[in-house]
file query_6.txt (compact mmCIF, N, CA and C atoms)
# COMPACT_ATOMS: atom_id res chain seq x y z
N MET A 1 -20.57 -16.14 -0.34
CA MET A 1 -20.13 -14.92 0.30
C MET A 1 -18.91 -14.37 -0.43
N SER A 2 -18.98 -13.13 -0.85
CA SER A 2 -17.83 -12.53 -1.53
C SER A 2 -16.93 -11.86 -0.50
N THR A 3 -15.66 -11.81 -0.83
CA THR A 3 -14.72 -11.14 0.05
C THR A 3 -14.13 -9.95 -0.68
N ARG A 4 -13.93 -8.91 0.04
CA ARG A 4 -13.33 -7.70 -0.55
C ARG A 4 -12.10 -7.37 0.26
N THR A 5 -10.93 -7.48 -0.40
CA THR A 5 -9.67 -7.27 0.31
C THR A 5 -8.76 -6.26 -0.39
N ALA A 6 -9.17 -5.74 -1.53
CA ALA A 6 -8.31 -4.85 -2.31
C ALA A 6 -8.87 -3.43 -2.37
N PRO A 7 -7.99 -2.46 -2.58
CA PRO A 7 -8.46 -1.09 -2.76
C PRO A 7 -9.06 -0.93 -4.14
N VAL A 8 -9.77 0.15 -4.35
CA VAL A 8 -10.25 0.51 -5.69
C VAL A 8 -9.20 1.44 -6.28
N VAL A 9 -8.62 1.04 -7.41
CA VAL A 9 -7.63 1.86 -8.08
C VAL A 9 -8.37 2.84 -8.99
N LEU A 10 -8.29 4.12 -8.64
CA LEU A 10 -9.00 5.16 -9.39
C LEU A 10 -8.17 5.67 -10.56
N GLY A 11 -6.86 5.50 -10.49
CA GLY A 11 -5.97 5.95 -11.55
C GLY A 11 -4.55 5.60 -11.20
N ALA A 12 -3.71 5.53 -12.22
CA ALA A 12 -2.30 5.20 -12.01
C ALA A 12 -1.46 5.92 -13.05
N HIS A 13 -0.31 6.38 -12.59
CA HIS A 13 0.68 6.98 -13.49
C HIS A 13 2.03 6.39 -13.13
N CYS A 14 2.61 5.67 -14.08
CA CYS A 14 3.90 5.03 -13.85
C CYS A 14 4.91 5.56 -14.86
N ASP A 15 6.13 5.73 -14.37
CA ASP A 15 7.23 6.20 -15.21
C ASP A 15 8.49 5.49 -14.74
N GLY A 16 8.94 4.52 -15.52
CA GLY A 16 10.13 3.76 -15.13
C GLY A 16 9.89 2.98 -13.86
N ASP A 17 10.70 3.26 -12.85
CA ASP A 17 10.61 2.54 -11.57
C ASP A 17 9.81 3.29 -10.52
N GLU A 18 8.96 4.23 -10.96
CA GLU A 18 8.11 4.97 -10.03
C GLU A 18 6.66 4.91 -10.47
N CYS A 19 5.79 4.88 -9.51
CA CYS A 19 4.37 4.79 -9.79
C CYS A 19 3.58 5.56 -8.74
N ALA A 20 2.54 6.25 -9.16
CA ALA A 20 1.63 6.92 -8.24
C ALA A 20 0.23 6.41 -8.57
N LEU A 21 -0.42 5.83 -7.58
CA LEU A 21 -1.75 5.25 -7.76
C LEU A 21 -2.74 5.96 -6.85
N GLN A 22 -3.85 6.40 -7.42
CA GLN A 22 -4.94 6.96 -6.64
C GLN A 22 -5.80 5.80 -6.17
N LEU A 23 -5.98 5.68 -4.87
CA LEU A 23 -6.72 4.56 -4.30
C LEU A 23 -7.88 5.05 -3.46
N ALA A 24 -8.97 4.32 -3.53
CA ALA A 24 -10.10 4.52 -2.62
C ALA A 24 -10.15 3.32 -1.69
N VAL A 25 -10.37 3.58 -0.42
CA VAL A 25 -10.47 2.52 0.58
C VAL A 25 -11.96 2.20 0.74
N PRO A 26 -12.40 1.05 0.18
CA PRO A 26 -13.82 0.71 0.26
C PRO A 26 -14.29 0.51 1.70
N ALA A 27 -15.51 0.93 1.96
CA ALA A 27 -16.07 0.80 3.30
C ALA A 27 -16.41 -0.65 3.65
N ASP A 28 -16.52 -1.51 2.62
CA ASP A 28 -16.93 -2.90 2.88
C ASP A 28 -15.76 -3.89 2.86
N LEU A 29 -14.54 -3.43 3.13
CA LEU A 29 -13.40 -4.34 3.19
C LEU A 29 -13.59 -5.34 4.32
N ASP A 30 -13.13 -6.55 4.09
CA ASP A 30 -13.24 -7.61 5.10
C ASP A 30 -12.44 -7.31 6.37
N TYR A 31 -11.49 -6.40 6.31
CA TYR A 31 -10.63 -6.10 7.46
C TYR A 31 -11.33 -5.24 8.51
N PHE A 32 -12.34 -4.49 8.12
CA PHE A 32 -12.92 -3.51 9.02
C PHE A 32 -13.77 -4.06 10.17
N PRO A 33 -14.60 -5.09 9.96
CA PRO A 33 -15.47 -5.52 11.07
C PRO A 33 -14.72 -5.88 12.36
N GLY A 34 -13.56 -6.49 12.27
CA GLY A 34 -12.85 -6.88 13.48
C GLY A 34 -11.74 -5.92 13.87
N HIS A 35 -11.59 -4.82 13.13
CA HIS A 35 -10.41 -3.94 13.35
C HIS A 35 -10.80 -2.48 13.23
N PHE A 36 -11.54 -1.89 13.88
CA PHE A 36 -12.21 -2.18 15.14
C PHE A 36 -13.67 -1.89 14.93
N PRO A 37 -14.58 -2.65 15.53
CA PRO A 37 -16.00 -2.50 15.21
C PRO A 37 -16.56 -1.09 15.37
N GLN A 38 -16.16 -0.36 16.40
CA GLN A 38 -16.72 0.97 16.64
C GLN A 38 -15.99 2.08 15.88
N ALA A 39 -14.75 1.83 15.48
CA ALA A 39 -13.95 2.83 14.77
C ALA A 39 -13.00 2.11 13.82
N PRO A 40 -13.51 1.64 12.66
CA PRO A 40 -12.70 0.81 11.77
C PRO A 40 -11.50 1.55 11.19
N VAL A 41 -10.36 0.85 11.15
CA VAL A 41 -9.14 1.36 10.54
C VAL A 41 -8.50 0.25 9.70
N LEU A 42 -7.77 0.66 8.68
CA LEU A 42 -7.09 -0.31 7.82
C LEU A 42 -5.78 -0.74 8.50
N PRO A 43 -5.61 -2.03 8.78
CA PRO A 43 -4.40 -2.49 9.46
C PRO A 43 -3.13 -2.15 8.68
N GLY A 44 -2.06 -1.88 9.42
CA GLY A 44 -0.77 -1.58 8.79
C GLY A 44 -0.27 -2.72 7.93
N ALA A 45 -0.49 -3.96 8.36
CA ALA A 45 -0.06 -5.12 7.57
C ALA A 45 -0.75 -5.13 6.20
N VAL A 46 -1.99 -4.70 6.15
CA VAL A 46 -2.72 -4.64 4.88
C VAL A 46 -2.12 -3.55 3.99
N GLN A 47 -1.76 -2.42 4.57
CA GLN A 47 -1.15 -1.35 3.79
C GLN A 47 0.16 -1.82 3.15
N VAL A 48 0.97 -2.54 3.91
CA VAL A 48 2.22 -3.10 3.37
C VAL A 48 1.90 -4.11 2.27
N GLY A 49 0.91 -4.96 2.51
CA GLY A 49 0.52 -5.96 1.51
C GLY A 49 0.04 -5.32 0.22
N TRP A 50 -0.76 -4.27 0.32
CA TRP A 50 -1.21 -3.58 -0.89
C TRP A 50 -0.03 -2.99 -1.66
N ALA A 51 0.92 -2.39 -0.95
CA ALA A 51 2.10 -1.82 -1.62
C ALA A 51 2.85 -2.91 -2.38
N LEU A 52 3.03 -4.07 -1.75
CA LEU A 52 3.72 -5.18 -2.41
C LEU A 52 2.95 -5.68 -3.63
N GLN A 53 1.64 -5.87 -3.48
CA GLN A 53 0.82 -6.38 -4.58
C GLN A 53 0.76 -5.40 -5.74
N LEU A 54 0.58 -4.14 -5.45
CA LEU A 54 0.47 -3.14 -6.51
C LEU A 54 1.82 -2.91 -7.19
N ALA A 55 2.91 -2.98 -6.44
CA ALA A 55 4.24 -2.89 -7.06
C ALA A 55 4.49 -4.08 -7.98
N ALA A 56 4.04 -5.26 -7.57
CA ALA A 56 4.21 -6.45 -8.41
C ALA A 56 3.47 -6.28 -9.74
N SER A 57 2.24 -5.76 -9.68
CA SER A 57 1.46 -5.62 -10.91
C SER A 57 1.92 -4.44 -11.76
N GLN A 58 2.40 -3.37 -11.14
CA GLN A 58 2.77 -2.16 -11.88
C GLN A 58 4.26 -2.10 -12.25
N LEU A 59 5.12 -2.63 -11.39
CA LEU A 59 6.56 -2.51 -11.59
C LEU A 59 7.25 -3.85 -11.84
N GLY A 60 6.50 -4.95 -11.74
CA GLY A 60 7.05 -6.27 -12.02
C GLY A 60 7.94 -6.83 -10.92
N THR A 61 7.75 -6.40 -9.69
CA THR A 61 8.56 -6.89 -8.58
C THR A 61 7.95 -8.17 -8.00
N ALA A 62 8.73 -8.83 -7.15
CA ALA A 62 8.21 -9.97 -6.42
C ALA A 62 7.16 -9.46 -5.42
N PRO A 63 6.07 -10.20 -5.21
CA PRO A 63 5.00 -9.72 -4.32
C PRO A 63 5.24 -10.00 -2.84
N ARG A 64 6.48 -10.19 -2.45
CA ARG A 64 6.76 -10.45 -1.03
C ARG A 64 8.11 -9.81 -0.67
N CYS A 65 8.26 -9.57 0.63
CA CYS A 65 9.51 -8.97 1.10
C CYS A 65 10.11 -9.83 2.20
N ARG A 66 11.38 -9.61 2.44
CA ARG A 66 12.06 -10.37 3.50
C ARG A 66 12.39 -9.51 4.70
N GLU A 67 12.24 -8.20 4.53
CA GLU A 67 12.55 -7.29 5.63
C GLU A 67 11.81 -5.97 5.40
N MET A 68 11.45 -5.31 6.49
CA MET A 68 10.81 -4.00 6.43
C MET A 68 11.69 -3.01 7.18
N GLU A 69 11.86 -1.82 6.57
CA GLU A 69 12.71 -0.80 7.17
C GLU A 69 11.93 0.51 7.30
N ALA A 70 12.20 1.23 8.35
CA ALA A 70 11.69 2.59 8.55
C ALA A 70 10.17 2.70 8.37
N LEU A 71 9.44 1.70 8.84
CA LEU A 71 7.97 1.77 8.74
C LEU A 71 7.45 2.84 9.69
N LYS A 72 6.56 3.66 9.17
CA LYS A 72 5.93 4.69 9.99
C LYS A 72 4.44 4.71 9.67
N PHE A 73 3.63 4.61 10.69
CA PHE A 73 2.19 4.72 10.55
C PHE A 73 1.78 5.98 11.32
N GLN A 74 1.50 7.05 10.57
CA GLN A 74 1.32 8.35 11.19
C GLN A 74 -0.12 8.80 11.30
N ARG A 75 -0.97 8.25 10.48
CA ARG A 75 -2.39 8.64 10.51
C ARG A 75 -3.22 7.43 10.12
N LEU A 76 -4.39 7.29 10.72
CA LEU A 76 -5.24 6.13 10.46
C LEU A 76 -5.92 6.24 9.10
N LEU A 77 -5.87 5.14 8.34
CA LEU A 77 -6.64 5.03 7.10
C LEU A 77 -7.98 4.41 7.45
N ARG A 78 -9.04 5.08 7.02
CA ARG A 78 -10.40 4.68 7.41
C ARG A 78 -11.24 4.38 6.17
N PRO A 79 -12.37 3.71 6.37
CA PRO A 79 -13.28 3.44 5.26
C PRO A 79 -13.66 4.74 4.55
N GLY A 80 -13.60 4.71 3.22
CA GLY A 80 -13.98 5.87 2.43
C GLY A 80 -12.85 6.84 2.13
N ASP A 81 -11.68 6.67 2.75
CA ASP A 81 -10.55 7.55 2.47
C ASP A 81 -10.07 7.36 1.03
N THR A 82 -9.55 8.42 0.46
CA THR A 82 -8.90 8.38 -0.85
C THR A 82 -7.48 8.88 -0.65
N VAL A 83 -6.51 8.09 -1.13
CA VAL A 83 -5.10 8.42 -0.93
C VAL A 83 -4.31 8.14 -2.21
N THR A 84 -3.11 8.69 -2.24
CA THR A 84 -2.16 8.37 -3.31
C THR A 84 -1.10 7.46 -2.73
N LEU A 85 -0.93 6.31 -3.37
CA LEU A 85 0.15 5.39 -3.00
C LEU A 85 1.29 5.65 -3.96
N SER A 86 2.41 6.13 -3.42
CA SER A 86 3.61 6.36 -4.23
C SER A 86 4.55 5.18 -4.03
N LEU A 87 5.01 4.62 -5.13
CA LEU A 87 5.93 3.49 -5.12
C LEU A 87 7.19 3.89 -5.87
N ARG A 88 8.35 3.57 -5.31
CA ARG A 88 9.61 3.80 -6.01
C ARG A 88 10.51 2.60 -5.78
N LEU A 89 10.92 2.00 -6.87
CA LEU A 89 11.76 0.81 -6.81
C LEU A 89 13.22 1.21 -6.95
N ASP A 90 14.03 0.82 -5.97
CA ASP A 90 15.48 0.98 -6.04
C ASP A 90 16.03 -0.39 -6.43
N ARG A 91 16.18 -0.61 -7.73
CA ARG A 91 16.60 -1.93 -8.22
C ARG A 91 17.99 -2.32 -7.72
N ALA A 92 18.89 -1.36 -7.65
CA ALA A 92 20.27 -1.66 -7.22
C ALA A 92 20.31 -2.23 -5.81
N ARG A 93 19.44 -1.74 -4.94
CA ARG A 93 19.42 -2.21 -3.55
C ARG A 93 18.31 -3.22 -3.27
N GLY A 94 17.45 -3.46 -4.26
CA GLY A 94 16.36 -4.41 -4.08
C GLY A 94 15.32 -3.93 -3.09
N LYS A 95 15.08 -2.60 -3.06
CA LYS A 95 14.16 -2.04 -2.08
C LYS A 95 13.00 -1.31 -2.78
N LEU A 96 11.84 -1.43 -2.16
CA LEU A 96 10.66 -0.72 -2.61
C LEU A 96 10.31 0.32 -1.55
N HIS A 97 10.31 1.58 -1.96
CA HIS A 97 9.90 2.68 -1.08
C HIS A 97 8.42 2.93 -1.34
N PHE A 98 7.63 3.09 -0.27
CA PHE A 98 6.21 3.36 -0.46
C PHE A 98 5.75 4.43 0.51
N SER A 99 4.71 5.15 0.11
CA SER A 99 4.04 6.07 1.03
C SER A 99 2.60 6.24 0.60
N TYR A 100 1.72 6.32 1.58
CA TYR A 100 0.32 6.63 1.38
C TYR A 100 0.14 8.07 1.84
N ARG A 101 -0.32 8.93 0.92
CA ARG A 101 -0.44 10.35 1.24
C ARG A 101 -1.73 10.91 0.64
N GLU A 102 -2.15 12.01 1.21
CA GLU A 102 -3.21 12.82 0.61
C GLU A 102 -2.79 14.26 0.82
N GLY A 103 -2.38 14.91 -0.25
CA GLY A 103 -1.86 16.27 -0.13
C GLY A 103 -0.59 16.26 0.70
N ASP A 104 -0.55 17.09 1.73
CA ASP A 104 0.62 17.18 2.60
C ASP A 104 0.57 16.20 3.77
N VAL A 105 -0.47 15.41 3.85
CA VAL A 105 -0.65 14.49 4.97
C VAL A 105 -0.14 13.10 4.59
N THR A 106 0.79 12.57 5.39
CA THR A 106 1.29 11.22 5.18
C THR A 106 0.57 10.28 6.15
N TYR A 107 -0.01 9.23 5.59
CA TYR A 107 -0.66 8.20 6.41
C TYR A 107 0.35 7.16 6.88
N SER A 108 1.15 6.66 5.93
CA SER A 108 2.17 5.67 6.28
C SER A 108 3.24 5.66 5.20
N SER A 109 4.41 5.11 5.59
CA SER A 109 5.52 5.03 4.64
C SER A 109 6.52 4.00 5.14
N GLY A 110 7.42 3.61 4.24
CA GLY A 110 8.47 2.68 4.63
C GLY A 110 9.24 2.17 3.43
N ARG A 111 10.20 1.31 3.73
CA ARG A 111 11.00 0.64 2.71
C ARG A 111 10.86 -0.87 2.92
N LEU A 112 10.71 -1.57 1.82
CA LEU A 112 10.58 -3.02 1.87
C LEU A 112 11.72 -3.66 1.10
N VAL A 113 12.47 -4.52 1.75
CA VAL A 113 13.55 -5.26 1.10
C VAL A 113 12.88 -6.45 0.42
N LEU A 114 12.92 -6.44 -0.91
CA LEU A 114 12.18 -7.44 -1.68
C LEU A 114 12.91 -8.76 -1.77
N GLU A 115 12.13 -9.82 -1.89
CA GLU A 115 12.70 -11.13 -2.21
C GLU A 115 13.19 -11.08 -3.65
N PRO A 116 14.33 -11.68 -3.94
CA PRO A 116 14.80 -11.70 -5.33
C PRO A 116 13.79 -12.42 -6.22
N SER A 117 13.62 -11.91 -7.43
CA SER A 117 12.69 -12.54 -8.38
C SER A 117 13.27 -13.90 -8.79
N ALA A 118 12.37 -14.87 -8.89
CA ALA A 118 12.80 -16.23 -9.25
C ALA A 118 13.05 -16.34 -10.73
call {"tool": "encode", "arguments": {"input": "query_6.txt", "output": "structure tokens"}}
result
Amino acid sequence: MSTRTAPVVLGAHCDGDECALQLAVPADLDYFPGHFPQAPVLPGAVQVGWALQLAASQLGTAPRCREMEALKFQRLLRPGDTVTLSLRLDRARGKLHFSYREGDVTYSSGRLVLEPSA
């Protein structure tokens, strides 16, 4: 049995400590059957996890955080959605700013206080 837990990265543009990634939310993600069967949505914890994982691969940050600040979940991410994940690393403060958007619509955003790199 294969598991699908990651978004499909359609494109990425990174410049210094900022990155914009075009993501597709696959309909067959393992998170959808139990969250919720009749109206599947991508859990907020998964959105935070994707931001951490993609920042680690694109910006070289640690893939975990010790604190979350100003988290806002404003619109549901559903199977088949396409969004832009914007990442901005504030190295001086050790914070990763993220937002999932499509045009003028914000799905979620927040700041993650990163664990120091080992």
call {"tool": "residues_near_point", "arguments": {"input": "query_6.txt", "point": "(6.8, 3.9, 10.5)", "cutoff": "10 Å", "atoms": "only C-alpha atoms", "output": "count of residues only"}}
result
13
call {"tool": "closest_residue", "arguments": {"input": "query_6.txt", "among": "A:Gln38, A:Ser99, A:Gln22, A:Thr82", "to": "A:Leu112", "atoms": "only C-alpha atoms"}}
result
A:Ser99
call {"tool": "closest_residue", "arguments": {"input": "query_6.txt", "among": "A:Arg4, A:Leu59, A:Ala27, A:Glu102", "to": "A:Leu89", "atoms": "all atoms listed in the file"}}
result
A:Leu59
call {"tool": "select_by_dssp", "arguments": {"input": "query_6.txt", "residues": "chain A", "states": "alpha helix (DSSP H)", "output": "PyMOL selection string"}}
result
chain A and resi 44-59
call {"tool": "closest_residue", "arguments": {"input": "query_6.txt", "among": "A:Phe36, A:Ala92, A:Val113, A:Leu87", "to": "A:Leu54", "atoms": "only N, CA and C atoms"}}
result
A:Leu87
call {"tool": "select_by_dssp", "arguments": {"input": "query_6.txt", "residues": "chain A", "states": "strand (DSSP E or B)", "output": "ChimeraX atom specification"}}
result
/A:8-15,18-24,65-73,82-90,95-102,105-114
call {"tool": "closest_residue", "arguments": {"input": "query_6.txt", "among": "A:Ala6, A:Leu114, A:Pro79, A:Cys14", "to": "A:Arg64", "atoms": "all atoms listed in the file"}}
result
A:Leu114
call {"tool": "closest_residue", "arguments": {"input": "query_6.txt", "among": "A:Pro43, A:Gly94, A:Asp81, A:Arg75", "to": "A:Ala24", "atoms": "only N, CA and C atoms"}}
result
A:Asp81
call {"tool": "residues_around", "arguments": {"input": "query_6.txt", "residues": "A:Cys19", "least_positions_apart": "2", "cutoff": "10 Å", "atoms": "only C-alpha atoms", "output": "list in words"}}
result
Ala12, His13, Cys14, Asp15, Gly16, Asp17, Leu21, Leu54, Ala55, Gln58, Leu59, Thr84, Leu85, Ser86, Leu87, Arg88, Leu89 and Phe98 of chain A
call {"tool": "atom_distance", "arguments": {"input": "query_6.txt", "atom1": "atom CA of A:Ala51", "atom2": "atom CA of A:Gly34"}}
result
21.8 Å
call {"tool": "atom_distance", "arguments": {"input": "query_6.txt", "atom1": "atom N of A:Asp30", "atom2": "atom CA of A:Thr5"}}
result
5.2 Å
call {"tool": "atom_distance", "arguments": {"input": "query_6.txt", "atom1": "atom CA of A:Val83", "atom2": "atom CA of A:Arg101"}}
result
5.5 Å
